[in-house]
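Enquirer: data.txt (compact mmCIF, C-alpha atoms) pasted underneath:
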# COMPACT_ATOMS: atom_id res chain seq x y z
CA MET A 286 -3.77 20.13 -2.35
CA LEU A 287 -3.19 17.17 -4.64
CA PHE A 288 -0.88 15.48 -2.13
CA SER A 289 -3.20 16.06 0.82
CA ARG A 290 -6.09 14.52 -1.09
CA ALA A 291 -3.96 11.53 -2.06
CA SER A 292 -2.78 11.17 1.49
CA SER A 293 -6.30 11.22 2.94
CA SER A 294 -7.37 8.52 0.49
CA ARG A 295 -4.35 6.47 1.54
CA ASP A 296 -5.22 6.94 5.22
CA ARG A 297 -8.80 5.91 4.64
CA PHE A 298 -7.73 2.84 2.70
CA GLN A 299 -5.15 1.86 5.30
CA ARG A 300 -7.67 2.16 8.14
CA GLN A 301 -10.20 -0.02 6.34
CA ALA A 302 -7.59 -2.54 5.22
CA GLU A 303 -6.09 -2.84 8.69
CA THR A 304 -9.53 -3.62 10.11
CA VAL A 305 -10.21 -6.44 7.66
CA TYR A 306 -6.64 -7.74 7.43
CA PRO A 307 -7.08 -10.55 10.01
CA SER A 308 -10.07 -11.84 8.03
CA LEU A 309 -8.17 -11.45 4.79
CA PHE A 310 -5.11 -13.27 6.09
CA GLY A 311 -7.27 -15.95 7.74
CA THR A 312 -9.08 -16.61 4.48
CA ALA A 313 -5.80 -16.63 2.55
CA LEU A 314 -4.32 -19.11 5.01
CA ARG A 315 -7.38 -21.36 4.84
CA LEU A 316 -7.24 -21.26 1.06
CA THR A 317 -3.53 -21.80 0.54
CA ARG A 318 -2.83 -23.78 3.73
CA ASP A 319 0.66 -22.32 3.64
CA ARG A 320 1.61 -19.38 5.85
CA GLU A 321 4.15 -17.82 3.50
CA GLU A 322 1.89 -18.16 0.51
CA ALA A 323 -1.01 -16.76 2.51
CA GLU A 324 1.04 -13.68 3.46
CA ASP A 325 1.96 -13.15 -0.19
CA LEU A 326 -1.63 -13.61 -1.31
CA ALA A 327 -3.01 -11.22 1.31
CA GLN A 328 -0.35 -8.63 0.51
CA GLU A 329 -1.02 -8.90 -3.21
CA ALA A 330 -4.73 -8.45 -2.55
CA ILE A 331 -4.03 -5.34 -0.45
CA VAL A 332 -1.84 -3.86 -3.19
CA ARG A 333 -4.39 -4.63 -5.93
CA ALA A 334 -7.17 -3.17 -3.81
CA TYR A 335 -5.14 -0.02 -3.17
CA GLU A 336 -4.47 0.40 -6.87
CA ALA A 337 -8.18 0.00 -7.61
CA TYR A 338 -9.43 1.94 -4.58
CA ASP A 339 -10.81 4.79 -6.69
CA ARG A 340 -13.16 2.24 -8.31
CA PHE A 341 -14.46 0.92 -4.97
CA ASP A 342 -18.17 1.75 -4.67
CA GLY A 343 -17.92 2.42 -0.93
CA GLU A 344 -20.51 -0.23 0.00
CA ASN A 345 -18.82 -3.23 1.62
CA PHE A 346 -15.05 -2.98 1.80
CA LYS A 347 -14.53 -6.42 3.30
CA ALA A 348 -16.59 -8.17 0.62
CA TRP A 349 -14.82 -6.15 -2.06
CA ILE A 350 -11.31 -6.97 -0.90
CA LEU A 351 -12.21 -10.61 -0.28
CA ARG A 352 -13.47 -10.73 -3.83
CA ILE A 353 -10.08 -9.45 -5.01
CA LEU A 354 -8.29 -12.01 -2.86
CA THR A 355 -10.48 -14.87 -4.10
CA ASN A 356 -10.04 -13.87 -7.72
CA LEU A 357 -6.33 -13.60 -7.23
CA TYR A 358 -6.19 -17.00 -5.61
CA ILE A 359 -8.28 -18.65 -8.30
CA ASN A 360 -6.39 -17.02 -11.17
CA LYS A 361 -2.87 -17.07 -9.89
CA TYR A 362 -2.10 -19.12 -6.84
CA ARG A 363 -4.33 -22.09 -7.50
CA ARG A 364 -2.69 -22.75 -10.86
CA ARG A 365 0.63 -23.21 -9.13
CA LYS A 366 -0.71 -25.67 -6.64
CA ARG A 367 -1.18 -29.31 -7.24
CA THR A 368 -4.22 -30.33 -5.39
CA GLY A 369 -4.27 -33.76 -3.82
CA HIS A 370 -8.00 -33.88 -4.15
CA SER A 371 -9.82 -34.76 -7.29
CA ILE A 372 -13.52 -34.36 -7.15
CA SER A 373 -16.18 -34.12 -9.78
CA LEU A 374 -17.87 -30.78 -9.98
CA ASP A 375 -20.89 -32.39 -11.54
CA ASP A 376 -23.79 -33.30 -9.38
CA ASP A 377 -22.72 -36.21 -7.31
CA GLU A 378 -25.52 -37.60 -5.20
CA SER A 379 -23.05 -39.36 -2.92
CA SER A 380 -21.65 -36.06 -1.70
CA TYR A 381 -25.17 -35.11 -0.57
CA GLU A 382 -25.49 -38.14 1.63
CA PRO A 383 -27.89 -36.94 4.31
CA VAL A 384 -26.80 -36.86 7.88
CA GLY A 385 -29.17 -39.60 8.97
CA ALA A 386 -32.31 -39.87 10.94
CA ALA A 387 -33.03 -37.43 13.69
CA GLU A 388 -32.12 -39.90 16.39
CA GLN A 389 -28.66 -40.30 14.80
CA ILE A 390 -27.86 -36.60 14.92
CA PRO A 391 -24.76 -36.20 17.06
CA ASP A 392 -25.18 -33.90 19.99
CA ARG A 393 -24.84 -30.28 18.89
CA GLN A 394 -22.48 -29.83 21.83
CA LEU A 395 -20.06 -32.10 19.97
CA LEU A 396 -18.98 -29.36 17.60
CA ASP A 397 -18.52 -26.93 20.43
CA ASP A 398 -16.36 -29.41 22.29
CA MET A 399 -14.02 -29.90 19.38
CA LEU A 400 -10.84 -27.87 19.27
CA GLY A 401 -10.25 -25.10 16.78
CA ALA A 402 -7.34 -27.00 15.27
CA GLU A 403 -9.54 -30.02 14.62
CA VAL A 404 -12.18 -27.93 12.89
CA GLU A 405 -9.47 -26.16 10.88
CA GLU A 406 -8.00 -29.50 9.86
CA ALA A 407 -11.40 -30.84 8.84
CA LEU A 408 -12.01 -27.67 6.82
CA ALA A 409 -8.65 -28.10 5.12
CA GLN A 410 -9.76 -31.51 3.89
CA VAL A 411 -12.68 -30.02 1.96
CA PRO A 412 -11.75 -29.65 -1.74
CA GLU A 413 -10.94 -26.03 -2.35
CA ILE A 414 -13.70 -25.28 -4.84
CA PHE A 415 -16.21 -26.03 -2.07
CA ARG A 416 -14.00 -24.71 0.71
CA ILE A 417 -13.90 -21.26 -0.90
CA ALA A 418 -17.69 -21.07 -0.97
CA VAL A 419 -18.06 -22.29 2.64
CA LEU A 420 -15.34 -19.94 3.89
CA LEU A 421 -16.81 -16.88 2.23
CA SER A 422 -20.30 -17.73 3.38
CA ASP A 423 -19.84 -19.04 6.92
CA LEU A 424 -16.69 -17.27 8.07
CA GLU A 425 -16.88 -14.02 6.17
CA GLY A 426 -20.64 -13.70 6.07
CA MET A 427 -20.81 -12.97 2.36
CA SER A 428 -24.13 -13.40 0.58
CA TYR A 429 -24.57 -15.91 -2.24
CA ASP A 430 -24.66 -13.02 -4.69
CA GLU A 431 -21.35 -11.68 -3.40
CA ILE A 432 -19.77 -15.13 -3.51
CA ALA A 433 -21.04 -15.61 -7.06
CA LEU A 434 -19.39 -12.34 -8.02
CA ALA A 435 -16.16 -13.21 -6.24
CA THR A 436 -15.83 -16.67 -7.74
CA ASP A 437 -17.35 -15.79 -11.10
CA VAL A 438 -20.00 -18.51 -11.08
CA PRO A 439 -23.82 -18.39 -11.08
CA VAL A 440 -25.66 -18.12 -7.75
CA GLY A 441 -27.10 -21.62 -8.27
CA THR A 442 -23.58 -23.02 -8.39
CA VAL A 443 -22.70 -21.17 -5.19
CA ARG A 444 -25.73 -22.69 -3.47
CA SER A 445 -24.72 -26.15 -4.64
CA ARG A 446 -21.07 -25.72 -3.64
CA ILE A 447 -21.97 -24.55 -0.16
CA ALA A 448 -24.30 -27.51 0.43
CA ARG A 449 -21.75 -29.98 -0.86
CA GLY A 450 -18.89 -28.32 0.99
CA ARG A 451 -20.75 -28.51 4.29
CA THR A 452 -21.67 -32.14 3.66
CA ILE A 453 -18.01 -33.01 3.10
CA LEU A 454 -16.99 -30.96 6.12
CA ARG A 455 -19.56 -32.76 8.23
CA ARG A 456 -18.11 -36.14 7.23
CA GLU A 457 -14.61 -34.98 8.09
CA LEU A 458 -15.76 -33.70 11.46
CA GLU A 459 -17.52 -36.94 12.22
CA ARG A 460 -14.39 -38.86 11.31
CA TYR A 461 -12.34 -36.69 13.66
CA ALA A 462 -14.96 -37.00 16.37
CA ARG A 463 -14.79 -40.78 16.16
CA GLN A 464 -11.01 -40.74 16.07
CA GLU A 465 -10.81 -38.56 19.15
CA GLY A 466 -13.57 -40.38 20.99
CA TYR A 467 -16.18 -37.63 20.87
CA LEU A 468 -18.38 -40.13 19.00
CA LYS A 469 -18.57 -43.88 19.39
CA GLN A 470 -17.19 -45.98 16.52
CA GLU A 471 -19.80 -47.46 14.13
CA SER A 472 -19.04 -50.94 15.44
CA GLU A 473 -19.77 -49.86 19.01
CA LYS A 474 -23.26 -48.64 18.16
CA MET B 94 -32.50 -35.25 -3.19
CA SER B 95 -29.70 -32.80 -3.98
CA ARG B 96 -32.10 -29.92 -4.65
CA GLU B 97 -33.84 -30.47 -1.32
CA ILE B 98 -30.53 -30.51 0.55
CA GLU B 99 -29.41 -27.32 -1.22
CA LEU B 100 -32.70 -25.69 -0.25
CA VAL B 101 -32.18 -26.69 3.38
CA HIS B 102 -28.67 -25.20 3.44
CA ALA B 103 -29.81 -22.05 1.71
CA LEU B 104 -32.55 -21.77 4.32
CA ALA B 105 -29.89 -21.98 7.04
CA ASP B 106 -28.10 -19.13 5.27
CA GLY B 107 -31.26 -17.04 4.89
CA GLU B 108 -30.80 -16.97 1.12
CA LEU B 109 -34.24 -18.10 -0.04
CA ASN B 110 -37.15 -16.09 -1.36
CA ALA B 111 -40.52 -16.45 0.31
CA ALA B 112 -41.81 -19.28 -1.89
CA GLU B 113 -38.58 -21.28 -1.58
CA GLU B 114 -38.48 -20.74 2.16
CA ALA B 115 -42.02 -22.07 2.55
CA GLU B 116 -41.08 -25.10 0.49
CA ALA B 117 -37.92 -25.70 2.54
CA ARG B 118 -39.74 -25.44 5.85
CA LYS B 119 -42.38 -27.90 4.63
CA LEU B 120 -39.63 -30.34 3.61
CA ILE B 121 -38.00 -30.08 7.03
CA SER B 122 -41.22 -30.67 8.87
CA GLU B 123 -42.05 -33.72 6.79
CA ASN B 124 -38.64 -35.33 6.45
CA ALA B 125 -36.53 -36.24 9.50
CA ASP B 126 -33.34 -36.58 7.42
CA LEU B 127 -33.73 -33.09 6.03
CA SER B 128 -34.55 -31.78 9.46
CA ALA B 129 -31.28 -33.32 10.73
CA GLU B 130 -29.45 -31.78 7.76
CA TYR B 131 -30.85 -28.39 8.64
CA GLU B 132 -29.77 -28.74 12.27
CA TRP B 133 -26.31 -29.76 11.13
CA ALA B 134 -26.05 -26.86 8.73
CA LEU B 135 -26.80 -24.44 11.56
CA SER B 136 -24.38 -26.25 13.89
CA LEU B 137 -21.61 -26.22 11.29
CA LYS B 138 -22.06 -22.53 10.61
CA SER B 139 -21.88 -21.80 14.29
CA ALA B 140 -18.90 -24.13 14.83
CA LEU B 141 -16.96 -22.49 12.02
CA VAL B 142 -17.56 -19.03 13.43
CA THR B 143 -16.60 -20.24 16.93
CA HIS B 144 -13.48 -22.17 15.99
CA CYS B 145 -12.13 -20.44 12.87
CA LYS B 146 -11.37 -16.91 13.98
CA PRO B 147 -9.75 -14.19 11.91
CA ILE B 148 -5.97 -14.47 12.26
CA ALA B 149 -3.99 -11.41 13.28
CA ASN B 150 -0.51 -11.12 11.77
CA ASP B 151 1.03 -7.77 12.64
CA GLU B 152 4.33 -8.55 11.00
CA ALA B 153 2.69 -9.37 7.67
CA TRP B 154 0.47 -6.30 7.98
CA GLN B 155 3.51 -4.08 8.50
CA ARG B 156 5.02 -5.52 5.33
CA CYS B 157 1.79 -4.61 3.52
CA VAL B 158 2.09 -1.05 4.83
CA GLY B 159 5.68 -1.00 3.55
CA ARG B 160 4.47 -2.07 0.10
CA LEU B 161 1.84 0.67 0.14
CA ASN B 162 4.50 3.23 1.08
CA GLU B 163 6.67 2.09 -1.81
CA LEU B 164 3.69 2.27 -4.13
CA ASP B 165 2.91 5.80 -2.97
CA LYS B 166 6.50 6.85 -3.53
CA VAL B 167 6.55 5.43 -7.07
CA ASN B 168 3.15 6.94 -7.84
CA SER B 169 4.07 10.37 -6.58
CA THR B 170 7.33 10.33 -8.56
CA GLU B 171 5.56 9.15 -11.70
CA SER B 172 2.81 11.68 -11.24
CA PHE B 173 5.32 14.49 -10.68
CA VAL B 174 7.37 13.53 -13.72
CA GLY B 175 4.26 12.98 -15.82
CA LYS B 176 2.85 16.32 -14.81
CA TRP B 177 5.99 18.36 -15.37
CA ALA B 178 7.65 16.36 -18.16
CA TRP B 179 6.64 18.80 -20.89
CA ILE B 180 8.08 21.67 -18.87
CA PHE B 181 11.34 19.76 -18.33
CA CYS B 182 11.55 18.99 -22.05
CA GLY B 183 10.68 22.56 -22.99
CA ALA B 184 13.28 23.97 -20.59
CA LEU B 185 15.90 21.58 -21.92
CA LEU B 186 15.17 22.53 -25.52
CA LEU B 187 15.26 26.19 -24.57
CA MET B 188 18.60 25.74 -22.84
CA ILE B 189 20.05 23.95 -25.86
CA PHE B 190 18.72 26.67 -28.16
CA ALA B 191 19.96 29.49 -25.94
CA GLY B 192 23.30 27.76 -25.49
CA GLY B 193 23.65 27.51 -29.23
CA ILE B 194 22.93 31.19 -29.70
CA VAL B 195 25.31 32.23 -26.93
CA ASN B 196 27.96 29.95 -28.32
CA ARG B 197 27.59 31.45 -31.76
CA THR B 198 27.58 35.06 -30.65
CA VAL B 199 29.42 35.91 -27.47
CA GLY B 200 30.17 32.80 -25.59
CA SER B 201 32.94 30.76 -27.06
CA ARG B 202 36.43 32.02 -27.44
CA THR B 203 37.44 28.90 -29.29
CA VAL B 204 37.86 29.03 -33.05
CA SER B 205 37.08 25.78 -34.80
CA ASN B 206 39.54 24.45 -37.35
CA THR B 207 36.86 24.57 -40.04
CA GLN B 208 36.49 28.31 -39.46
CA ILE B 209 40.18 28.85 -39.81
CA ALA B 210 40.80 26.44 -42.69
CA GLY B 211 40.37 29.16 -45.30
CA LEU B 212 43.17 31.20 -43.74
CA LEU B 213 45.81 28.56 -44.14
CA ASP B 214 46.81 29.45 -47.66
CA PRO B 215 49.51 32.08 -47.24
CA ILE B 216 48.58 33.68 -50.56
CA SER B 217 44.80 33.46 -50.32
CA SER B 218 42.86 36.52 -51.26
CA GLY B 219 41.17 38.79 -48.79
CA THR B 220 40.03 42.34 -48.54
CA ALA B 221 42.23 45.06 -49.82
CA ALA B 222 44.86 46.26 -47.40
CA SER B 223 43.07 49.57 -46.95
CA LYS B 224 39.94 47.76 -45.75
CA VAL B 225 41.61 45.32 -43.39
CA PRO B 226 39.85 45.53 -40.03
CA GLN B 227 41.73 46.90 -37.11
CA VAL B 228 43.15 44.10 -34.96
CA GLN B 229 44.87 45.74 -32.05
CA ALA B 230 47.05 42.80 -31.13
CA ALA B 231 48.78 43.12 -34.48
CA GLU B 232 50.70 46.07 -33.08
CA ASN B 233 52.13 43.88 -30.33
CA VAL B 234 53.50 41.24 -32.63
CA ASP B 235 57.12 41.85 -33.51
CA LEU B 236 57.58 41.22 -37.22
CA SER B 237 60.82 43.19 -37.48
CA LYS B 238 62.80 40.09 -38.39
CA PHE B 239 60.36 39.09 -41.12
CA GLN B 240 59.31 40.59 -44.37
CA ARG B 241 55.61 40.96 -45.03
CA THR B 242 54.74 39.80 -48.52
CA SER B 243 50.97 40.26 -48.30
CA ILE B 244 48.28 41.34 -45.94
CA VAL B 245 44.65 40.32 -46.04
CA GLY B 246 41.90 40.65 -43.51
CA GLY B 247 38.24 40.07 -42.90
CA TYR B 248 35.82 38.38 -40.54
CA LEU B 249 35.44 34.79 -39.49
CA GLU B 250 32.06 33.27 -38.71
CA GLY B 251 30.89 34.89 -35.50
CA ASN B 252 32.14 38.31 -36.54
CA ARG B 253 35.69 37.79 -35.39
CA ALA B 254 38.04 40.12 -37.18
CA PHE B 255 41.31 38.71 -38.44
CA VAL B 256 44.36 39.90 -40.21
CA LYS B 257 46.74 37.63 -42.05
CA TYR B 258 50.25 38.29 -43.22
CA GLY B 259 52.24 36.37 -45.80
CA LEU B 260 55.81 36.31 -44.52
CA ARG B 261 59.37 35.77 -45.68
CA ASP B 262 62.17 34.88 -43.24
CA GLN B 263 65.62 36.42 -43.00
CA LEU B 264 66.94 34.01 -45.63
CA GLY B 265 64.28 35.23 -48.00
CA LEU B 266 62.28 32.03 -47.87
CA SER B 267 58.50 32.37 -47.94
CA GLY B 268 55.75 29.77 -47.64
CA PHE B 269 54.47 30.62 -44.17
CA GLY B 270 52.08 33.11 -42.73
CA LEU B 271 50.70 34.63 -39.57
CA ALA B 272 47.04 35.11 -38.77
CA ILE B 273 45.89 37.20 -35.81
CA ILE B 274 42.31 36.54 -34.78
CA GLN B 275 40.48 38.94 -32.53
CA GLY B 276 38.57 37.76 -29.46
CA ALA B 277 39.79 34.16 -29.48
CA ASP B 278 42.08 32.40 -27.05
CA ARG B 279 42.16 28.92 -28.45
CA ILE B 280 42.28 27.26 -31.82
CA GLU B 281 40.64 23.89 -31.98
CA GLY B 282 43.24 21.22 -32.82
CA LEU B 283 46.24 23.20 -31.64
CA ASP B 284 46.67 21.78 -28.16
CA GLN B 285 50.07 20.10 -28.09
CA ARG B 286 52.71 21.45 -25.77
CA THR B 287 55.95 22.80 -27.15
CA SER B 288 59.30 23.72 -25.57
CA ASN B 289 57.71 27.11 -24.80
CA PRO B 290 54.75 26.83 -22.42
CA ALA B 291 53.06 29.85 -24.00
CA ILE B 292 53.04 28.23 -27.44
CA LYS B 293 50.83 25.33 -28.48
CA SER B 294 51.23 23.38 -31.68
CA GLY B 295 49.37 21.05 -33.96
CA GLN B 296 48.26 20.69 -37.52
CA LEU B 297 45.50 22.51 -39.34
CA ASN B 298 44.49 20.76 -42.55
CA GLY B 299 47.81 18.91 -42.44
CA VAL B 300 49.80 22.16 -42.18
CA ASN B 301 52.16 22.62 -39.22
CA SER B 302 50.88 25.43 -37.04
CA VAL B 303 51.69 27.04 -33.71
CA THR B 304 49.54 29.40 -31.69
CA TRP B 305 49.86 31.81 -28.78
CA SER B 306 47.80 34.52 -27.20
CA VAL B 307 48.34 38.24 -27.26
CA GLN B 308 46.00 40.46 -25.23
CA GLY B 309 43.02 38.18 -25.59
CA ASN B 310 43.63 37.57 -29.28
CA THR B 311 45.20 34.58 -30.89
CA CYS B 312 48.12 34.40 -33.26
CA VAL B 313 48.51 31.43 -35.56
CA LEU B 314 51.76 30.90 -37.37
CA PHE B 315 51.52 28.27 -40.06
CA GLY B 316 53.39 26.96 -43.04
CA GLU B 317 55.44 24.20 -44.60
CA ARG B 318 58.18 24.51 -41.99
CA PRO B 319 59.37 22.17 -39.25
CA MET B 320 57.46 22.66 -36.00
CA SER B 321 60.65 23.64 -34.11
CA GLU B 322 61.32 26.39 -36.63
CA LEU B 323 57.76 27.72 -36.31
CA VAL B 324 58.17 27.72 -32.51
CA SER B 325 61.40 29.70 -32.73
CA PHE B 326 59.78 32.19 -35.19
CA ALA B 327 56.86 32.54 -32.75
CA GLU B 328 59.24 33.26 -29.89
CA GLU B 329 60.91 35.98 -31.96
CA MET B 330 57.48 37.51 -32.70
CA MET B 331 56.51 37.45 -29.00
CA ASN B 332 59.57 39.48 -27.94
Spell out the structure here as structure tokens.

Expert:
Amino acid sequence: MLFSRASSSRDRFQRQAETVYPSLFGTALRLTRDREEAEDLAQEAIVRAYEAYDRFDGENFKAWILRILTNLYINKYRRRKRTGHSISLDDDESSYEPVGAAEQIPDRQLLDDMLGAEVEEALAQVPEIFRIAVLLSDLEGMSYDEIALATDVPVGTVRSRIARGRTILRRELERYARQEGYLKQESEK
Amino acid sequence: MSREIELVHALADGELNAAEEAEARKLISENADLSAEYEWALSLKSALVTHCKPIANDEAWQRCVGRLNELDKVNSTESFVGKWAWIFCGALLLMIFAGGIVNRTVGSRTVSNTQIAGLLDPISSGTAASKVPQVQAAENVDLSKFQRTSIVGGYLEGNRAFVKYGLRDQLGLSGFGLAIIQGADRIEGLDQRTSNPAIKSGQLNGVNSVTWSVQGNTCVLFGERPMSELVSFAEEMMN
């Protein structure tokens, strides 16, 4: 009786975890930018989630396990990494530089024309504190409240990080677009 | 400006309350830059979803399953041990206790040297000859070549009957004795081989002693004599 109950809980966990694993691994890879480290991080998150499965409220498994992964990354993996980026977390008006007047908006098709690898590379250039927020929001569809819980910051900070992260990502994409000829160089305008 | 931009992005994410949403929409309609920002926010969100897909990694997933299996194995072992530990401990204690009782009563046929130490004095006192317990093996020990100078008897710890004779050899020399202990086949400390395979030797409390078995009982010949002489006396008694 005891074993069959334990086994059914294991089966249920494994089914749910298998479904979300590609998202989990994708997020881990986009956070660590290292395949081996991403596999370790995702596996650690799975193990931690399994150990804490009896405390899962049954609401949103993906958000719950992503929260575990994010916490793990912030607390453990990030300490080991030396980030090449140094960016102030205080309000920095320059990072909010607006995109420009309506007539300067690059064609929306531009982003669709870019390759996945280029978008991934641009995303990798976003400092991780902002990248985490953008990833969880735009790729994993987590709400600001869920992101706040996962990253242990107030919702207002999440809102700010997402806006700043997207602004930085936009700049990186524009730079790539110019480099690859999707957009004309400034001097050619 | 930063607050306005944050509002615009939050609008793109559908994360504003009604009042904030109205404010954000007003800002977009009045400000071309913010309108462009809003368009970009939507485009970026869509581009990320289009280009950054979840990444399947079956090999890594299988390793995760392996870790979960290991975890299950450890947990089930720990849970089993944790659940039954008190029974294991209880059973072990019971076995030790029962073993002790059996050992003391019926089990062991080994007599410890501490039990026998009191017998080693050839002239020690014991019960009167008339009350010496019957030790059957005594009838099968040939003492015809020796002279009995005393006889005492009694019980060792564990209710083993014994009878002990003080002896004198054919030259009239005393100072050695023979104890016959019922229901024992080994004396602790008397394990060394002698020229006769049926006789073992050793020292009890520093006194030379030899031992042999007779019908499930043990004879111990001891005294201040050379070991070879005790062995030859023993052989004479066995005949």

Enquirer: Calculated over only C-alpha atoms, which of the candidates A:Ala348, A:Leu400, A:Ala337, A:Ala435 has the smallest distance to chain B?

Expert: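 Under the stated criterion, the closest residue is A:Leu400.
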
Enquirer: Excluding same-chain residues fewer than 5 positions from B:Gln275, what lies within 12 Å of it counting only C-alpha atoms, as JSON, numbers by chain?

Expert: {"B": [202, 203, 204, 226, 227, 228, 229, 230, 231, 246, 247, 248, 249, 250, 251, 252, 253, 254, 255, 256, 257, 280, 306, 307, 308, 309, 310, 311, 312, 313]}

Enquirer: Dump as a ChimeraX atom specification the residues of chain B that approach chain A to within 8 Å, counting all atoms listed in the file.

Expert: /B:94-95,98-99,102-103,108,125-130,133-134,136-138,140-150,153-154,156-158,160-161

Enquirer: To box stretch 187-194 of chain B, take all atoms listed in the file, fit an axis-aligned box, add 5 Å on each side, and give centre and edge lengths in Å to one decimal, as AutoDock Vina command-line options.

Expert:
--center_x 19.5 --center_y 27.6 --center_z -26.3 --size_x 18.4 --size_y 17.2 --size_z 16.9

Enquirer: Tell me which of A:Ala407, A:Asp342, A:Leu421, A:Glu413 sits closest to A:Glu457, counting only C-alpha atoms.

Expert: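 Checking each of A:Ala407, A:Asp342, A:Leu421, A:Glu413 against A:Glu457, counting only C-alpha atoms, the winner is A:Ala407.
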
Enquirer: Here is a test: counting all atoms listed in the file, which residue of A:Asp339, A:Leu434, A:Phe298, A:Asp319 is nearest to A:Thr355?

Expert: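 Checking each candidate against A:Thr355, we get A:Leu434 as the closest.
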
Enquirer: Which neighbours of B:Met330 fall inside 9 Å, counting all atoms listed in the file, when residues of the same chain fewer than 5 positions from it are skipped, and could you give them as a PyMOL selection string?

Expert: chain B and resi 233-238+325

Enquirer: For A:Asp437, please output as a VMD selection string all residues within 10 Å (counting all atoms listed in the file; exclusion window: fewer than 5 positions along the same chain).

Expert: chain A and resid 352 355 to 356 359 431 to 432 442 to 443

Enquirer: Out of A:Lys361, A:Leu326, A:Gln410, A:Arg297, which residue has the shortest atom-to-atom distance to A:Tyr338 when counting only C-alpha atoms?

Expert: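 Residue with the minimum atom-to-atom distance to A:Tyr338: A:Arg297.
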
Enquirer: As an exercise, work out the distance from atom CA of B:Ile292 to atom CA of B:Thr242 in Å and give it to one decimal place.

Expert: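 One can read the atom CA of B:Ile292 to atom CA of B:Thr242 distance as 24.1 Å.
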